[in-house]
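Raw entry.cif, mmCIF, C-alpha atoms:
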data_work
loop_
_atom_site.label_atom_id
_atom_site.label_comp_id
_atom_site.auth_asym_id
_atom_site.auth_seq_id
_atom_site.Cartn_x
_atom_site.Cartn_y
_atom_site.Cartn_z
CA MET A 23 -14.72 144.57 87.98
CA PRO A 24 -11.32 143.74 89.55
CA THR A 25 -8.93 146.59 90.07
CA SER A 26 -5.31 146.44 90.99
CA ALA A 27 -3.51 148.37 93.62
CA PRO A 28 -1.18 151.13 92.50
CA GLY A 29 2.30 149.73 91.65
CA SER A 30 1.19 146.14 91.29
CA LYS A 31 1.42 144.16 88.08
CA PRO A 32 -1.68 143.69 85.99
CA PRO A 33 -3.18 140.21 85.96
CA LEU A 34 -1.59 137.71 83.53
CA SER A 35 -4.52 137.88 81.13
CA ARG A 36 -4.06 141.62 80.68
CA ARG A 37 -0.26 141.55 80.34
CA ALA A 38 1.11 142.10 76.80
CA ARG A 39 2.22 138.82 75.30
CA GLY A 40 5.16 138.44 72.90
CA PHE A 41 8.95 138.32 72.72
CA THR A 42 11.41 140.90 73.92
CA LEU A 43 13.91 142.41 71.56
CA LEU A 44 16.72 140.56 73.34
CA GLU A 45 15.00 137.19 72.86
CA LEU A 46 14.52 137.89 69.15
CA MET A 47 18.18 138.91 68.73
CA VAL A 48 19.36 135.71 70.42
CA VAL A 49 17.20 133.55 68.12
CA VAL A 50 18.41 135.41 65.00
CA ALA A 51 22.05 135.01 66.11
CA MET A 52 21.52 131.28 66.68
CA ILE A 53 20.01 130.89 63.20
CA ALA A 54 22.93 132.79 61.64
CA ILE A 55 25.54 130.64 63.40
CA THR A 56 23.73 127.42 62.44
CA THR A 57 23.51 128.53 58.80
CA ALA A 58 27.22 129.35 58.71
CA VAL A 59 28.20 125.97 60.18
CA VAL A 60 25.96 124.08 57.74
CA SER A 61 27.27 126.00 54.72
CA PHE A 62 30.85 125.04 55.61
CA ALA A 63 29.89 121.41 56.17
CA VAL A 64 28.23 120.97 52.76
CA PRO A 65 30.91 120.10 50.17
CA ASP A 66 31.12 121.96 46.89
CA PRO A 67 29.84 119.60 44.17
CA ALA A 68 32.29 120.92 41.55
CA ALA A 69 35.25 120.35 43.87
CA THR A 70 34.05 116.84 44.67
CA ARG A 71 33.66 115.99 40.99
CA LEU A 72 37.12 117.36 40.20
CA GLU A 73 38.69 115.40 43.07
CA ARG A 74 37.02 112.22 41.80
CA GLU A 75 38.43 112.83 38.30
CA ALA A 76 41.88 113.54 39.75
CA ALA A 77 41.87 110.30 41.74
CA ARG A 78 40.75 108.38 38.66
CA LEU A 79 43.46 109.96 36.48
CA VAL A 80 46.12 109.15 39.09
CA ALA A 81 44.99 105.50 39.05
CA LEU A 82 44.99 105.37 35.22
CA LEU A 83 48.45 106.95 34.96
CA GLU A 84 49.91 104.60 37.56
CA SER A 85 48.33 101.58 35.88
CA ALA A 86 49.70 102.59 32.48
CA ARG A 87 53.09 103.33 34.04
CA THR A 88 53.17 99.82 35.52
CA GLN A 89 52.18 98.27 32.17
CA ALA A 90 54.87 100.29 30.37
CA ARG A 91 57.58 99.16 32.78
CA ALA A 92 56.43 95.53 32.80
CA GLY A 93 56.21 95.35 29.01
CA ALA A 94 59.25 97.54 28.26
CA MET A 95 57.01 99.83 26.16
CA THR A 96 57.24 103.55 25.62
CA VAL A 97 53.85 104.86 26.72
CA LEU A 98 52.67 108.47 26.51
CA TRP A 99 49.53 110.07 27.93
CA VAL A 100 48.17 112.89 25.77
CA PRO A 101 45.34 115.10 27.07
CA GLN A 102 43.70 115.34 23.62
CA GLY A 103 41.70 112.44 22.25
CA ARG A 104 42.10 110.95 18.77
CA ASP A 105 38.43 111.33 17.94
CA ALA A 106 35.19 112.81 19.23
CA GLU A 107 34.53 109.82 21.52
CA SER A 108 37.79 110.11 23.49
CA ASP A 109 38.98 112.91 25.78
CA TYR A 110 42.60 111.74 26.09
CA GLN A 111 44.78 108.90 24.82
CA PHE A 112 47.47 106.48 25.88
CA ILE A 113 49.91 106.14 22.99
CA GLY A 114 51.92 102.92 23.04
CA LEU A 115 49.57 100.73 25.07
CA PRO A 116 48.23 97.72 23.16
CA PRO A 117 44.43 97.73 22.61
CA PRO A 118 43.71 95.05 25.25
CA LEU A 119 45.42 97.20 27.90
CA GLN A 120 43.71 100.49 26.92
CA PRO A 121 41.57 101.92 29.74
CA SER A 122 38.51 104.10 29.25
CA LEU A 123 39.50 107.23 27.34
CA THR A 124 36.76 109.57 28.56
CA TRP A 125 36.26 111.70 31.64
CA LEU A 126 33.40 110.90 33.99
CA GLU A 127 32.53 114.63 33.82
CA ARG A 128 32.50 115.82 30.20
CA GLU A 129 33.41 119.39 31.24
CA VAL A 130 36.83 118.39 32.62
CA ARG A 131 39.83 119.77 30.76
CA ALA A 132 43.46 118.75 31.19
CA GLU A 133 46.78 120.16 30.13
CA VAL A 134 50.30 118.92 30.61
CA VAL A 135 52.41 121.52 32.40
CA GLY A 136 55.47 122.38 30.36
CA GLY A 137 54.81 119.90 27.54
CA ARG A 138 52.34 118.10 25.32
CA SER A 139 52.37 114.64 26.87
CA ILE A 140 53.32 112.63 29.94
CA VAL A 141 55.98 109.94 29.49
CA LEU A 142 55.04 106.85 31.53
CA GLY A 143 57.77 104.39 30.66
CA PRO A 144 59.59 102.11 30.04
CA GLU A 145 62.22 103.59 32.37
CA PRO A 146 61.57 103.33 36.12
CA VAL A 147 62.63 106.98 36.60
CA ILE A 148 60.52 109.15 34.32
CA GLY A 149 61.36 112.70 35.38
CA ALA A 150 59.19 115.30 37.05
CA GLN A 151 55.88 115.79 35.23
CA SER A 152 52.52 117.30 36.04
CA VAL A 153 49.00 117.69 34.68
CA LEU A 154 46.58 120.51 35.46
CA LEU A 155 42.93 119.41 35.65
CA ARG A 156 40.18 122.03 35.32
CA LEU A 157 36.45 121.91 35.90
CA GLY A 158 34.87 125.32 35.53
CA GLU A 159 36.77 127.70 37.79
CA ARG A 160 38.28 124.88 39.87
CA GLN A 161 41.65 123.31 39.15
CA LEU A 162 43.92 120.62 40.62
CA LEU A 163 47.54 119.84 39.90
CA ILE A 164 48.57 116.19 39.60
CA GLY A 165 52.17 115.14 39.22
CA THR A 166 55.18 113.08 40.12
CA ASP A 167 58.80 113.83 40.89
CA GLY A 168 59.74 110.91 38.65
CA LEU A 169 60.51 108.45 41.42
CA GLY A 170 57.25 108.37 43.35
CA ALA A 171 53.72 107.71 42.21
CA PHE A 172 51.47 110.30 40.61
CA ALA A 173 49.42 112.19 43.19
CA VAL A 174 47.53 115.43 43.70
CA ILE A 175 50.39 117.86 44.38
CA ASN A 176 48.43 120.68 45.92
CA GLY A 177 44.90 121.32 46.99
CA GLU A 178 42.75 123.48 44.82
CA ALA A 179 44.86 126.10 43.09
CA GLU A 180 43.50 129.62 43.12
CA GLN A 181 42.05 130.90 39.88
CA GLY A 182 44.57 133.03 38.06
CA ALA A 183 47.44 131.64 40.11
CA PRO A 184 50.55 130.90 38.06
CA VAL A 185 51.03 127.28 37.11
CA PRO A 186 54.52 125.98 37.82
CA GLY A 187 56.38 125.47 34.56
CA GLY A 188 57.76 121.97 34.69
CA SER A 189 59.21 122.17 38.22
CA LEU A 190 57.33 120.34 40.92
CA ALA A 191 59.47 121.87 43.64
CA ALA A 192 57.76 125.23 43.06
CA ALA A 193 54.32 123.63 43.37
CA ARG A 194 54.92 122.11 46.81
#
Can the structure in the file be given as structure tokens, please?
Amino acid sequence: MPTSAPGSKPPLSRRARGFTLLELMVVVAMIAITTAVVSFAVPDPAATRLEREAARLVALLESARTQARAGAMTVLWVPQGRDAESDYQFIGLPPPLQPSLTWLEREVRAEVVGGRSIVLGPEPVIGAQSVLLRLGERQLLIGTDGLGAFAVINGEAEQGAPVPGGSLAAAR
């Protein structure tokens, strides 16, 4: 039977095998950092859906604004539909020019800030106007200063944050 001299290390086969506490802590820290980076990289699906609806509404409002100016028509956008099949309406646009009147996401809600409707024409300068879009706890503000195109004014507004009452200068 082999014996070892005093003070020498035991043979490899008899040494305890496993990880040191330091090695385990390093691995756990690496897993935690990787998880944090991945969680920030994955987009929030509700925010993505709301941004898609906001971009679509901007395009619809600008299209209707162009039609109103080209046809010298008074066109209003109202966030309440006429019937159960529509979520909003464009008053003043002829039927052939009417876009889809439903949200892509049925849970989206909209309200005109400081009024009941958005005036889209026939005048080239329409005045400052804005719409607040909501999807669950998320919300986005879309508006124009009257000269420029409609656009998302600010990123996601905080829940419970005051909504600017008719003035876009306060929202910027």
- Task: Extract, using only C-alpha atoms, all DNA, RNA and protein residues at most 9 Å from Gln89 of chain A, discarding same-chain residues fewer than 4 positions from it, and format them as a list in words.
- Result: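 That gives Glu84, Ser85, Gly93, Ala94, Met95, Val97, Leu115, Leu119, Gly143 and Pro144 of chain A.
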Run the PyMOL selection byres ((chain A and resi 156-173) around 8) against the file shown and list the residues it catches, as a short mmCIF file (atom, residue, chain, number, x, y, z; two decimals) with C-alpha atoms, in the frame of the given file.
data_model
loop_
_atom_site.label_atom_id
_atom_site.label_comp_id
_atom_site.auth_asym_id
_atom_site.auth_seq_id
_atom_site.Cartn_x
_atom_site.Cartn_y
_atom_site.Cartn_z
CA ALA A 68 32.29 120.92 41.55
CA ALA A 69 35.25 120.35 43.87
CA LEU A 72 37.12 117.36 40.20
CA GLU A 73 38.69 115.40 43.07
CA ALA A 76 41.88 113.54 39.75
CA ALA A 77 41.87 110.30 41.74
CA VAL A 80 46.12 109.15 39.09
CA LEU A 83 48.45 106.95 34.96
CA GLU A 84 49.91 104.60 37.56
CA GLU A 129 33.41 119.39 31.24
CA VAL A 130 36.83 118.39 32.62
CA ARG A 131 39.83 119.77 30.76
CA ALA A 132 43.46 118.75 31.19
CA PRO A 146 61.57 103.33 36.12
CA VAL A 147 62.63 106.98 36.60
CA ILE A 148 60.52 109.15 34.32
CA GLY A 149 61.36 112.70 35.38
CA ALA A 150 59.19 115.30 37.05
CA GLN A 151 55.88 115.79 35.23
CA SER A 152 52.52 117.30 36.04
CA VAL A 153 49.00 117.69 34.68
CA LEU A 154 46.58 120.51 35.46
CA LEU A 155 42.93 119.41 35.65
CA VAL A 174 47.53 115.43 43.70
CA ILE A 175 50.39 117.86 44.38
CA ASN A 176 48.43 120.68 45.92
CA GLY A 177 44.90 121.32 46.99
CA GLU A 178 42.75 123.48 44.82
CA ALA A 179 44.86 126.10 43.09
CA GLU A 180 43.50 129.62 43.12
CA GLN A 181 42.05 130.90 39.88
CA LEU A 190 57.33 120.34 40.92
#
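The protein and nucleic acid residues lying at most 6 Å from Val100 of chain A are Tyr110, Gln111 and Ser139 of chain A, with all atoms listed in the file considered and sequence neighbours fewer than 5 positions away removed.
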The selected residues should be written to file as a PDB file, in the coordinates of the input (atoms: C-alpha atoms).
ATOM      1  CA  TYR A 110      42.600 111.740  26.090  1.00  0.00           C
ATOM      2  CA  GLN A 111      44.780 108.900  24.820  1.00  0.00           C
ATOM      3  CA  SER A 139      52.370 114.640  26.870  1.00  0.00           C
TER       4      SER A 139
END
- Item | Interatomic distance (Å, one decimal) between atom CA of Thr56 of chain A and atom CA of Leu44 of chain A |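 According to the coordinates, atom CA of Thr56 of chain A and atom CA of Leu44 of chain A are separated by 18.5 Å.
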- Task: One decimal, Å: what's the distance from atom CA of Ala90 of chain A over to atom CA of Ile113 of chain A, could you say?
- Result: 10.6 Å
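Separating atom CA of Ala81 of chain A from atom CA of Pro101 of chain A is a distance of 15.4 Å.
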Env of segment 122-127 of chain A: 9 Å cut, atoms = all atoms listed in the file, seq-sep filter 6 positions within chain, self excluded. Answer as a short mmCIF file (atom, residue, chain, number, x, y, z; two decimals) with C-alpha atoms, in the frame of the given file.
data_model
loop_
_atom_site.label_atom_id
_atom_site.label_comp_id
_atom_site.auth_asym_id
_atom_site.auth_seq_id
_atom_site.Cartn_x
_atom_site.Cartn_y
_atom_site.Cartn_z
CA ARG A 71 33.66 115.99 40.99
CA LEU A 72 37.12 117.36 40.20
CA ARG A 74 37.02 112.22 41.80
CA GLU A 75 38.43 112.83 38.30
CA ARG A 78 40.75 108.38 38.66
CA LEU A 79 43.46 109.96 36.48
CA LEU A 82 44.99 105.37 35.22
CA GLY A 103 41.70 112.44 22.25
CA GLU A 107 34.53 109.82 21.52
CA SER A 108 37.79 110.11 23.49
CA ASP A 109 38.98 112.91 25.78
CA TYR A 110 42.60 111.74 26.09
CA GLN A 111 44.78 108.90 24.82
CA PHE A 112 47.47 106.48 25.88
CA LEU A 157 36.45 121.91 35.90
#
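Proximity of A:Thr70, A:Val135, A:Ala86, A:Ala63 to Trp99 of chain A, computed with all atoms listed in the file, is greatest for A:Ala86.
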Around all listed atoms of segment 129-139 of chain A, padded 5 Å per side, what centre and edge lengths does the axis-aligned box have in Å to one decimal, as JSON?
{"center_x": 44.4, "center_y": 118.5, "center_z": 29.0, "size_x": 32.1, "size_y": 17.7, "size_z": 17.3}
